[in-house]
Amino acid sequence: MTSPSQSLVVGVDVGGTFTDLFVLDESNGTARIVKVPSTRGEEARGFMNGVARVADSAAAIATIVHGTTVGTNALLERKVARTGIITTRGFRDVLEMRRRDRPQTWGLRGSFVPVVPRDLRREVDERVLADGTLHTPVDLDQVRAEARALLQAGCEAVCVFFINTYANPENERLAVAAVRELWPNAHVTSACEVLPEIREFERCSTATLNAALQPVVGSYLERLESDLRGQGFDGELLVVQSNGGVMSRQTASDLPVRTALSGPAAGVIACAAIARAAGFPNAITGDMGGTSFDVSLVANGEAALAAQTAIEFGMVIRSPMIQIETIGAGGGSIASVDASGMLQVGPESAGSIPGPACYGRGNMRPTVTDANVLLGRIAADRPLGGGLLAALDAGKSFEAIETHVAKPLGLDVHQAAEAILTVANARMAGAIRLVSIERGHDPRRFAYMPFGGGGALHVCAMMREVGVAIGIVPRYPGVTSALGCVIADMRHDAVQTLNRPLDELDVAQLARRIAELAASCQQRLDSSGVRFDEVREVIALDMLYAGQTHTLPVVLTAATAQALTREGIRTAFEASYSAAFGRVLDGIGIRVMNLRYARIGVRPKFDLAVLAPEGEGSVAPLGTQRVFHAGQWHEALRFARLALPVGARVDGPAILEQADTTVWLEPGFHAEVDAHGNLLVRLS
């Protein structure tokens, strides 16, 4: 239990350049932000540096919620633990065969190196049939022998993956128990415990990546918690999941695969809450950092969830996660002219080290940030990050753009810089269309919410490109993901394959399975030590017509779930199918493939009005700044964004500055400060 003196709730998002902290003081209802430089490769050190600036003692902190990219970076960089697989004889190559796909759709060549090499994928005698019938009992002596062989080969973690365990996990359970008896650490993953769902590749890939991440993420979180305890922290350390919920530190260590994309997911959760509070339940979010641009869609106040994602080609994770599309278009994305004379922006990035040319750290290739500096949208004498980066060198931006873009294209250097932004904006607009128009949503009915360090520089351009009527710039765009950590509820998802025709479905057995999943998820909620205002559940079935390949998620209403009947399930499926495809198919059998369950512990919320500016503030401009836009120079007024009071209106062209970002308001646009401190951007 927390004491009255423990009044601080801290959200921490570790990025490539900065570690962002959002600090909520529940005793007086105030909020503030902290930014410190990240320490690449030693993320825990940057984390602790930030915590040290939150309060005189970590004992004052009640809860820390962490959005981490440690697992994602480990997978992308292949810096995971040496891992072995013990599998059914004849199935050692499931991980490598995947879905018979390839990195490039066209062409005769392609390469893929699985996380676990073939010599560390070992086979044993056992077999369960697709209907759950036990065909061959597992040979536990073989299992023990292969486990010892993997240990001798230097494996730190192991995954036990047997075929068809979603239908009958008994063989795998016996094998896992045997391995855990002799394995020297806790890094033993059972595929049926991680994902008891049909489709062998997705189950194998998800479980194997979980095993490979356990030593990496587990040791990081254990070290982090130990450091915090050493500083007097005795509250709860929680970790953001990819589904936008949070989990305990222990659960994150057991299931690190669920931390993939946790940072961007927290940002989307924050945007959904901010948009709802501002009166816009439909929003498209755009997180622009140093390397990437992450886009997601919020409809009716809820973020869209995807059943699975691929961290990169062949690295498939089958776990509910917020639907995020990522392209290489961040502030550090490098601009170049290719062999055909076409201007390209990204996906290669200068990152945070050495960073854009204007950082003066040795890189002399132009980036999106260099273009913004040269065009006056970022003032070189007022550096990024609230002074955490040294003053920027606009001369180096000029030189880089002139050498690599202007001269090859025969353009004036400022026209070349604007061309870089035009290409980057077009790529980002394409990502927005991907999550909206291509999925049946009209972007004109949505607000656009930019966040991240660079998002607000491009808000007007995105509105122009996509046709969005209103832009919402959050109060603290650069620390939105950290804010999302504080807002997010605790959530645990579970799945169980049923694979039965609806007419043969045993609804009594289905009700028992729902109760089992509810108890399992509730146990995880209880173990966290967190107080909840309420506990909610979401029950859904993956269903399809006989002969179809792809399933449709059918969410059961509380009434339908309470009184389960085949007819009620059929009605729910037909309503969902009709909503998705405009009609139902008469005379064709219906199949129930999977049961999905989510249990949500709703954490206490704070009023987002605490983010609003207090007092009279100031609408007086700080001065003017020359900005190159649409082929000509403009005198843009400069404002201290956080000093603007509620109701203040600013007309473009204008630059609004704050520690974590810069807002560029183009001519023909205006912005107003709403009751929550957001900037509402519209065409004038």
# chains A, B, ... in the order shown; residues from 1 in each chain; ligands from 1
call {"tool": "select_by_dssp", "arguments": {"residues": "stretch 53-300 of chain A", "states": "helix (DSSP H, G or I)", "output": "MDAnalysis selection string"}}
result
chainID A and resid 58:60 70:76 94:97 118:120 140:152 170:182 191:194 200:230 249:254 256:259 262:278
call {"tool": "residues_around", "arguments": {"residues": "A:Ser7", "least_positions_apart": "2", "cutoff": "12 Å", "atoms": "only C-alpha atoms", "output": "ChimeraX atom specification"}}
result
/A:2-5,9-10,23-31,54-55,58-64,235
call {"tool": "write_last_selection", "arguments": {"atoms": "N, CA and C atoms", "output": "PDB file, in the first residue's frame"}}
result
ATOM      1  N   THR A   2       0.397   2.290  -0.653  1.00  0.00           N
ATOM      2  CA  THR A   2       1.154   3.539  -0.695  1.00  0.00           C
ATOM      3  C   THR A   2       0.747   4.416   0.487  1.00  0.00           C
ATOM      4  N   SER A   3       1.682   5.200   0.963  1.00  0.00           N
ATOM      5  CA  SER A   3       1.417   6.111   2.072  1.00  0.00           C
ATOM      6  C   SER A   3       0.917   7.437   1.526  1.00  0.00           C
ATOM      7  N   PRO A   4       0.319   8.294   2.381  1.00  0.00           N
ATOM      8  CA  PRO A   4      -0.173   9.593   1.905  1.00  0.00           C
ATOM      9  C   PRO A   4       0.909  10.441   1.270  1.00  0.00           C
ATOM     10  N   SER A   5       2.184  10.243   1.724  1.00  0.00           N
ATOM     11  CA  SER A   5       3.259  11.060   1.166  1.00  0.00           C
ATOM     12  C   SER A   5       3.631  10.638  -0.246  1.00  0.00           C
ATOM     13  N   VAL A   9       2.512   9.959  -9.551  1.00  0.00           N
ATOM     14  CA  VAL A   9       2.409   8.898 -10.555  1.00  0.00           C
ATOM     15  C   VAL A   9       3.235   9.356 -11.752  1.00  0.00           C
ATOM     16  N   VAL A  10       4.193   8.548 -12.169  1.00  0.00           N
ATOM     17  CA  VAL A  10       5.155   8.957 -13.189  1.00  0.00           C
ATOM     18  C   VAL A  10       5.077   8.013 -14.386  1.00  0.00           C
ATOM     19  N   VAL A  23       4.797  13.680 -15.022  1.00  0.00           N
ATOM     20  CA  VAL A  23       4.669  13.555 -13.565  1.00  0.00           C
ATOM     21  C   VAL A  23       3.322  14.129 -13.130  1.00  0.00           C
ATOM     22  N   LEU A  24       2.479  13.281 -12.549  1.00  0.00           N
ATOM     23  CA  LEU A  24       1.178  13.709 -12.028  1.00  0.00           C
ATOM     24  C   LEU A  24       1.227  13.663 -10.505  1.00  0.00           C
ATOM     25  N   ASP A  25       0.954  14.806  -9.888  1.00  0.00           N
ATOM     26  CA  ASP A  25       0.872  14.873  -8.427  1.00  0.00           C
ATOM     27  C   ASP A  25      -0.597  14.772  -8.038  1.00  0.00           C
ATOM     28  N   GLU A  26      -0.989  13.600  -7.545  1.00  0.00           N
ATOM     29  CA  GLU A  26      -2.402  13.360  -7.240  1.00  0.00           C
ATOM     30  C   GLU A  26      -2.875  14.153  -6.021  1.00  0.00           C
ATOM     31  N   SER A  27      -1.953  14.616  -5.184  1.00  0.00           N
ATOM     32  CA  SER A  27      -2.366  15.334  -3.972  1.00  0.00           C
ATOM     33  C   SER A  27      -2.893  16.728  -4.280  1.00  0.00           C
ATOM     34  N   ASN A  28      -2.301  17.379  -5.288  1.00  0.00           N
ATOM     35  CA  ASN A  28      -2.766  18.733  -5.609  1.00  0.00           C
ATOM     36  C   ASN A  28      -3.257  18.881  -7.046  1.00  0.00           C
ATOM     37  N   GLY A  29      -3.298  17.772  -7.796  1.00  0.00           N
ATOM     38  CA  GLY A  29      -3.850  17.808  -9.141  1.00  0.00           C
ATOM     39  C   GLY A  29      -3.022  18.591 -10.137  1.00  0.00           C
ATOM     40  N   THR A  30      -1.708  18.582  -9.979  1.00  0.00           N
ATOM     41  CA  THR A  30      -0.850  19.280 -10.930  1.00  0.00           C
ATOM     42  C   THR A  30      -0.046  18.283 -11.753  1.00  0.00           C
ATOM     43  N   ALA A  31       0.450  18.753 -12.885  1.00  0.00           N
ATOM     44  CA  ALA A  31       1.239  17.890 -13.766  1.00  0.00           C
ATOM     45  C   ALA A  31       2.418  18.677 -14.303  1.00  0.00           C
ATOM     46  N   VAL A  54      12.592  14.002 -10.715  1.00  0.00           N
ATOM     47  CA  VAL A  54      11.155  14.067 -10.420  1.00  0.00           C
ATOM     48  C   VAL A  54      10.908  14.560  -9.004  1.00  0.00           C
ATOM     49  N   ALA A  55      11.680  14.022  -8.047  1.00  0.00           N
ATOM     50  CA  ALA A  55      11.472  14.374  -6.641  1.00  0.00           C
ATOM     51  C   ALA A  55      12.790  14.228  -5.897  1.00  0.00           C
ATOM     52  N   ALA A  58      12.920   9.014  -4.386  1.00  0.00           N
ATOM     53  CA  ALA A  58      12.010   8.125  -5.116  1.00  0.00           C
ATOM     54  C   ALA A  58      10.917   7.584  -4.211  1.00  0.00           C
ATOM     55  N   ALA A  59      11.083   7.735  -2.899  1.00  0.00           N
ATOM     56  CA  ALA A  59      10.061   7.285  -1.958  1.00  0.00           C
ATOM     57  C   ALA A  59       8.766   8.071  -2.107  1.00  0.00           C
ATOM     58  N   ALA A  60       8.834   9.252  -2.746  1.00  0.00           N
ATOM     59  CA  ALA A  60       7.629  10.068  -2.934  1.00  0.00           C
ATOM     60  C   ALA A  60       6.776   9.578  -4.099  1.00  0.00           C
ATOM     61  N   ILE A  61       7.304   8.611  -4.870  1.00  0.00           N
ATOM     62  CA  ILE A  61       6.601   8.134  -6.064  1.00  0.00           C
ATOM     63  C   ILE A  61       5.773   6.903  -5.712  1.00  0.00           C
ATOM     64  N   ALA A  62       4.478   6.948  -6.031  1.00  0.00           N
ATOM     65  CA  ALA A  62       3.577   5.832  -5.742  1.00  0.00           C
ATOM     66  C   ALA A  62       3.613   4.784  -6.846  1.00  0.00           C
ATOM     67  N   THR A  63       3.621   5.239  -8.090  1.00  0.00           N
ATOM     68  CA  THR A  63       3.561   4.315  -9.232  1.00  0.00           C
ATOM     69  C   THR A  63       4.417   4.847 -10.362  1.00  0.00           C
ATOM     70  N   ILE A  64       5.174   3.949 -10.980  1.00  0.00           N
ATOM     71  CA  ILE A  64       5.918   4.272 -12.195  1.00  0.00           C
ATOM     72  C   ILE A  64       5.414   3.362 -13.299  1.00  0.00           C
ATOM     73  N   GLY A 235       6.865   1.660  -4.383  1.00  0.00           N
ATOM     74  CA  GLY A 235       5.559   1.608  -5.050  1.00  0.00           C
ATOM     75  C   GLY A 235       5.512   0.511  -6.098  1.00  0.00           C
TER      76      GLY A 235
END
call {"tool": "residues_around", "arguments": {"residues": "stretch 404-406 of chain A", "least_positions_apart": "4", "cutoff": "9 Å", "atoms": "only C-alpha atoms", "output": "number ranges by chain"}}
result
A: 335-337, 343, 365-366, 399-400, 410-417, 420
call {"tool": "write_last_selection", "arguments": {"atoms": "N, CA and C atoms", "output": "PDB file, in the first residue's frame"}}
result
ATOM      1  N   ALA A 335      17.749  12.728 -46.703  1.00  0.00           N
ATOM      2  CA  ALA A 335      17.309  13.055 -48.063  1.00  0.00           C
ATOM      3  C   ALA A 335      18.463  12.822 -49.026  1.00  0.00           C
ATOM      4  N   SER A 336      18.136  12.244 -50.186  1.00  0.00           N
ATOM      5  CA  SER A 336      19.168  11.969 -51.190  1.00  0.00           C
ATOM      6  C   SER A 336      18.536  11.962 -52.566  1.00  0.00           C
ATOM      7  N   VAL A 337      19.373  12.084 -53.576  1.00  0.00           N
ATOM      8  CA  VAL A 337      18.922  11.995 -54.966  1.00  0.00           C
ATOM      9  C   VAL A 337      19.438  10.671 -55.518  1.00  0.00           C
ATOM     10  N   LEU A 343      14.246  12.577 -55.965  1.00  0.00           N
ATOM     11  CA  LEU A 343      14.515  12.919 -54.572  1.00  0.00           C
ATOM     12  C   LEU A 343      13.849  11.888 -53.666  1.00  0.00           C
ATOM     13  N   ARG A 365      25.027  14.613 -44.246  1.00  0.00           N
ATOM     14  CA  ARG A 365      23.939  14.340 -45.187  1.00  0.00           C
ATOM     15  C   ARG A 365      22.673  15.017 -44.671  1.00  0.00           C
ATOM     16  N   PRO A 366      21.896  15.609 -45.552  1.00  0.00           N
ATOM     17  CA  PRO A 366      20.749  16.404 -45.099  1.00  0.00           C
ATOM     18  C   PRO A 366      19.603  15.540 -44.586  1.00  0.00           C
ATOM     19  N   GLU A 399      24.939  23.664 -46.066  1.00  0.00           N
ATOM     20  CA  GLU A 399      25.967  22.966 -46.831  1.00  0.00           C
ATOM     21  C   GLU A 399      25.508  21.565 -47.242  1.00  0.00           C
ATOM     22  N   ALA A 400      24.870  20.842 -46.307  1.00  0.00           N
ATOM     23  CA  ALA A 400      24.429  19.473 -46.591  1.00  0.00           C
ATOM     24  C   ALA A 400      23.355  19.454 -47.671  1.00  0.00           C
ATOM     25  N   GLY A 410      19.560  20.914 -59.490  1.00  0.00           N
ATOM     26  CA  GLY A 410      19.571  22.226 -60.132  1.00  0.00           C
ATOM     27  C   GLY A 410      18.608  23.202 -59.507  1.00  0.00           C
ATOM     28  N   LEU A 411      18.471  23.144 -58.181  1.00  0.00           N
ATOM     29  CA  LEU A 411      17.533  24.007 -57.468  1.00  0.00           C
ATOM     30  C   LEU A 411      18.273  24.982 -56.566  1.00  0.00           C
ATOM     31  N   ASP A 412      17.586  26.073 -56.242  1.00  0.00           N
ATOM     32  CA  ASP A 412      18.045  26.948 -55.172  1.00  0.00           C
ATOM     33  C   ASP A 412      18.005  26.156 -53.869  1.00  0.00           C
ATOM     34  N   VAL A 413      18.907  26.445 -52.944  1.00  0.00           N
ATOM     35  CA  VAL A 413      19.020  25.626 -51.745  1.00  0.00           C
ATOM     36  C   VAL A 413      17.748  25.664 -50.894  1.00  0.00           C
ATOM     37  N   HIS A 414      17.049  26.807 -50.867  1.00  0.00           N
ATOM     38  CA  HIS A 414      15.807  26.872 -50.093  1.00  0.00           C
ATOM     39  C   HIS A 414      14.673  26.128 -50.794  1.00  0.00           C
ATOM     40  N   GLN A 415      14.660  26.174 -52.113  1.00  0.00           N
ATOM     41  CA  GLN A 415      13.688  25.366 -52.850  1.00  0.00           C
ATOM     42  C   GLN A 415      13.956  23.882 -52.630  1.00  0.00           C
ATOM     43  N   ALA A 416      15.244  23.515 -52.575  1.00  0.00           N
ATOM     44  CA  ALA A 416      15.599  22.118 -52.327  1.00  0.00           C
ATOM     45  C   ALA A 416      15.144  21.681 -50.937  1.00  0.00           C
ATOM     46  N   ALA A 417      15.315  22.560 -49.943  1.00  0.00           N
ATOM     47  CA  ALA A 417      14.872  22.235 -48.585  1.00  0.00           C
ATOM     48  C   ALA A 417      13.361  22.048 -48.540  1.00  0.00           C
ATOM     49  N   ILE A 420      12.429  18.733 -49.948  1.00  0.00           N
ATOM     50  CA  ILE A 420      12.611  17.644 -48.978  1.00  0.00           C
ATOM     51  C   ILE A 420      11.364  17.500 -48.109  1.00  0.00           C
TER      52      ILE A 420
END
call {"tool": "closest_residue", "arguments": {"among": "A:Lys407, A:His458, A:Arg99, A:Arg223", "to": "A:Asn425", "atoms": "only C-alpha atoms"}}
result
A:His458
call {"tool": "residues_around", "arguments": {"residues": "A:Ala272", "least_positions_apart": "3", "cutoff": "8 Å", "atoms": "only C-alpha atoms", "output": "ChimeraX atom specification"}}
result
/A:268-269,275-276,281,283,298,301-303
call {"tool": "closest_residue", "arguments": {"among": "A:Gly652, A:Gly267, A:Gly362, A:Pro356", "to": "A:Asp287", "atoms": "only C-alpha atoms"}}
result
A:Gly267
call {"tool": "residues_around", "arguments": {"residues": "A:Val14", "least_positions_apart": "5", "cutoff": "8 Å", "atoms": "only C-alpha atoms", "output": "ChimeraX atom specification"}}
result
/A:19-20,38,43,47,67-69,263
call {"tool": "write_last_selection", "arguments": {"atoms": "all heavy atoms", "output": "short mmCIF file (atom, residue, chain, number, x, y, z; two decimals), in the first residue's frame"}}
result
data_model
loop_
_atom_site.label_atom_id
_atom_site.label_comp_id
_atom_site.auth_asym_id
_atom_site.auth_seq_id
_atom_site.Cartn_x
_atom_site.Cartn_y
_atom_site.Cartn_z
N THR A 19 14.63 10.64 -22.99
CA THR A 19 13.76 9.90 -22.09
C THR A 19 12.77 10.91 -21.52
O THR A 19 13.17 11.90 -20.89
CB THR A 19 14.57 9.23 -20.96
OG1 THR A 19 15.39 8.20 -21.54
CG2 THR A 19 13.64 8.61 -19.93
N ASP A 20 11.49 10.67 -21.77
CA ASP A 20 10.43 11.61 -21.40
C ASP A 20 9.70 11.12 -20.16
O ASP A 20 9.37 9.93 -20.06
CB ASP A 20 9.43 11.78 -22.54
CG ASP A 20 10.09 12.27 -23.83
OD1 ASP A 20 11.04 13.05 -23.73
OD2 ASP A 20 9.65 11.84 -24.91
N SER A 38 18.56 10.27 -23.46
CA SER A 38 18.61 8.82 -23.34
C SER A 38 20.05 8.35 -23.39
O SER A 38 20.93 9.02 -23.94
CB SER A 38 17.81 8.17 -24.48
OG SER A 38 16.43 8.46 -24.36
N GLU A 43 19.72 1.94 -21.19
CA GLU A 43 18.47 2.66 -21.03
C GLU A 43 18.11 2.91 -19.56
O GLU A 43 17.51 3.92 -19.21
CB GLU A 43 17.33 1.89 -21.72
CG GLU A 43 17.34 1.96 -23.23
CD GLU A 43 18.30 0.96 -23.87
OE1 GLU A 43 18.98 0.23 -23.11
OE2 GLU A 43 18.38 0.91 -25.11
N PHE A 47 16.85 6.33 -17.60
CA PHE A 47 15.61 6.22 -16.82
C PHE A 47 15.83 6.76 -15.41
O PHE A 47 15.06 7.60 -14.91
CB PHE A 47 15.20 4.74 -16.78
CG PHE A 47 13.87 4.46 -16.14
CD1 PHE A 47 12.80 4.05 -16.90
CD2 PHE A 47 13.69 4.59 -14.76
CE1 PHE A 47 11.58 3.77 -16.31
CE2 PHE A 47 12.49 4.31 -14.17
CZ PHE A 47 11.42 3.90 -14.94
N GLY A 67 6.94 2.78 -20.58
CA GLY A 67 6.82 2.32 -21.97
C GLY A 67 8.22 2.05 -22.48
O GLY A 67 9.05 2.95 -22.53
N THR A 68 8.52 0.80 -22.83
CA THR A 68 9.89 0.43 -23.15
C THR A 68 10.03 -0.08 -24.58
O THR A 68 9.16 -0.77 -25.09
CB THR A 68 10.42 -0.64 -22.18
OG1 THR A 68 11.71 -1.07 -22.60
CG2 THR A 68 9.49 -1.86 -22.15
N THR A 69 11.15 0.27 -25.20
CA THR A 69 11.48 -0.24 -26.53
C THR A 69 12.64 -1.22 -26.46
O THR A 69 13.19 -1.58 -27.49
CB THR A 69 11.87 0.93 -27.46
OG1 THR A 69 12.98 1.64 -26.88
CG2 THR A 69 10.72 1.89 -27.67
N GLY A 263 5.87 1.73 -26.49
CA GLY A 263 5.96 3.19 -26.46
C GLY A 263 4.96 3.86 -27.38
O GLY A 263 4.16 4.70 -26.94
#
call {"tool": "closest_residue", "arguments": {"among": "A:Ile470, A:Leu374, A:Val530, A:Val257", "to": "A:Glu236", "atoms": "only C-alpha atoms"}}
result
A:Val530
call {"tool": "closest_residue", "arguments": {"among": "A:Val584, A:Ala191, A:Ala147, A:Leu21", "to": "A:Ala52", "atoms": "only C-alpha atoms"}}
result
A:Leu21
call {"tool": "atom_distance", "arguments": {"atom1": "atom CA of A:Thr83", "atom2": "atom CA of A:Ala149"}}
result
12.1 Å
call {"tool": "residues_around", "arguments": {"residues": "A:Cys358", "least_positions_apart": "3", "cutoff": "7 Å", "atoms": "only C-alpha atoms", "output": "short mmCIF file (atom, residue, chain, number, x, y, z; two decimals) with all heavy atoms, in the first residue's frame"}}
result
data_model
loop_
_atom_site.label_atom_id
_atom_site.label_comp_id
_atom_site.auth_asym_id
_atom_site.auth_seq_id
_atom_site.Cartn_x
_atom_site.Cartn_y
_atom_site.Cartn_z
N ASP A 370 17.16 19.23 -40.84
CA ASP A 370 17.99 20.25 -41.49
C ASP A 370 17.14 21.15 -42.38
O ASP A 370 17.35 22.37 -42.44
CB ASP A 370 19.10 19.58 -42.31
CG ASP A 370 20.16 18.95 -41.43
OD1 ASP A 370 20.69 19.64 -40.56
OD2 ASP A 370 20.43 17.74 -41.62
N LEU A 392 22.05 24.72 -32.58
CA LEU A 392 22.13 24.07 -33.89
C LEU A 392 22.93 24.94 -34.87
O LEU A 392 23.00 26.16 -34.73
CB LEU A 392 20.72 23.84 -34.42
CG LEU A 392 19.79 23.07 -33.46
CD1 LEU A 392 18.39 22.94 -34.08
CD2 LEU A 392 20.35 21.69 -33.15
N ASP A 393 23.51 24.29 -35.85
CA ASP A 393 24.35 24.97 -36.84
C ASP A 393 23.63 25.01 -38.18
O ASP A 393 23.65 24.04 -38.94
CB ASP A 393 25.69 24.23 -36.96
CG ASP A 393 26.70 25.02 -37.80
OD1 ASP A 393 26.28 25.85 -38.61
OD2 ASP A 393 27.91 24.76 -37.64
N ALA A 394 22.95 26.13 -38.47
CA ALA A 394 22.21 26.27 -39.72
C ALA A 394 23.14 26.24 -40.93
O ALA A 394 22.74 25.84 -42.02
CB ALA A 394 21.39 27.56 -39.71
N LYS A 396 25.68 24.27 -41.41
CA LYS A 396 25.89 22.88 -41.81
C LYS A 396 24.66 22.32 -42.53
O LYS A 396 24.77 21.51 -43.45
CB LYS A 396 26.26 22.04 -40.59
CG LYS A 396 27.71 22.23 -40.12
CD LYS A 396 28.08 21.23 -39.05
CE LYS A 396 29.59 21.23 -38.80
NZ LYS A 396 30.12 22.52 -38.39
N SER A 397 23.47 22.76 -42.12
CA SER A 397 22.25 22.36 -42.84
C SER A 397 22.29 22.87 -44.27
O SER A 397 21.98 22.15 -45.22
CB SER A 397 21.01 22.90 -42.12
OG SER A 397 20.85 22.32 -40.84
#
call {"tool": "atom_distance", "arguments": {"atom1": "atom CA of A:Thr480", "atom2": "atom CA of A:Ile322"}}
result
15.8 Å
call {"tool": "residues_around", "arguments": {"residues": "A:Leu498", "least_positions_apart": "6", "cutoff": "7 Å", "atoms": "only C-alpha atoms", "output": "MDAnalysis selection string"}}
result
chainID A and resid 592:595
call {"tool": "select_by_dssp", "arguments": {"residues": "stretch 293-495 of chain A", "states": "strand (DSSP E or B)", "output": "count of residues only"}}
result
48
call {"tool": "closest_residue", "arguments": {"among": "A:Thr557, A:Ser520, A:Ser481, A:Gln142", "to": "A:Val495", "atoms": "only C-alpha atoms"}}
result
A:Ser520
call {"tool": "closest_residue", "arguments": {"among": "A:Ala350, A:Glu197, A:Met462, A:Leu224", "to": "A:Ser319", "atoms": "only C-alpha atoms"}}
result
A:Glu197
call {"tool": "atom_distance", "arguments": {"atom1": "atom CA of A:Gln152", "atom2": "atom CA of A:Val116"}}
result
15.6 Å
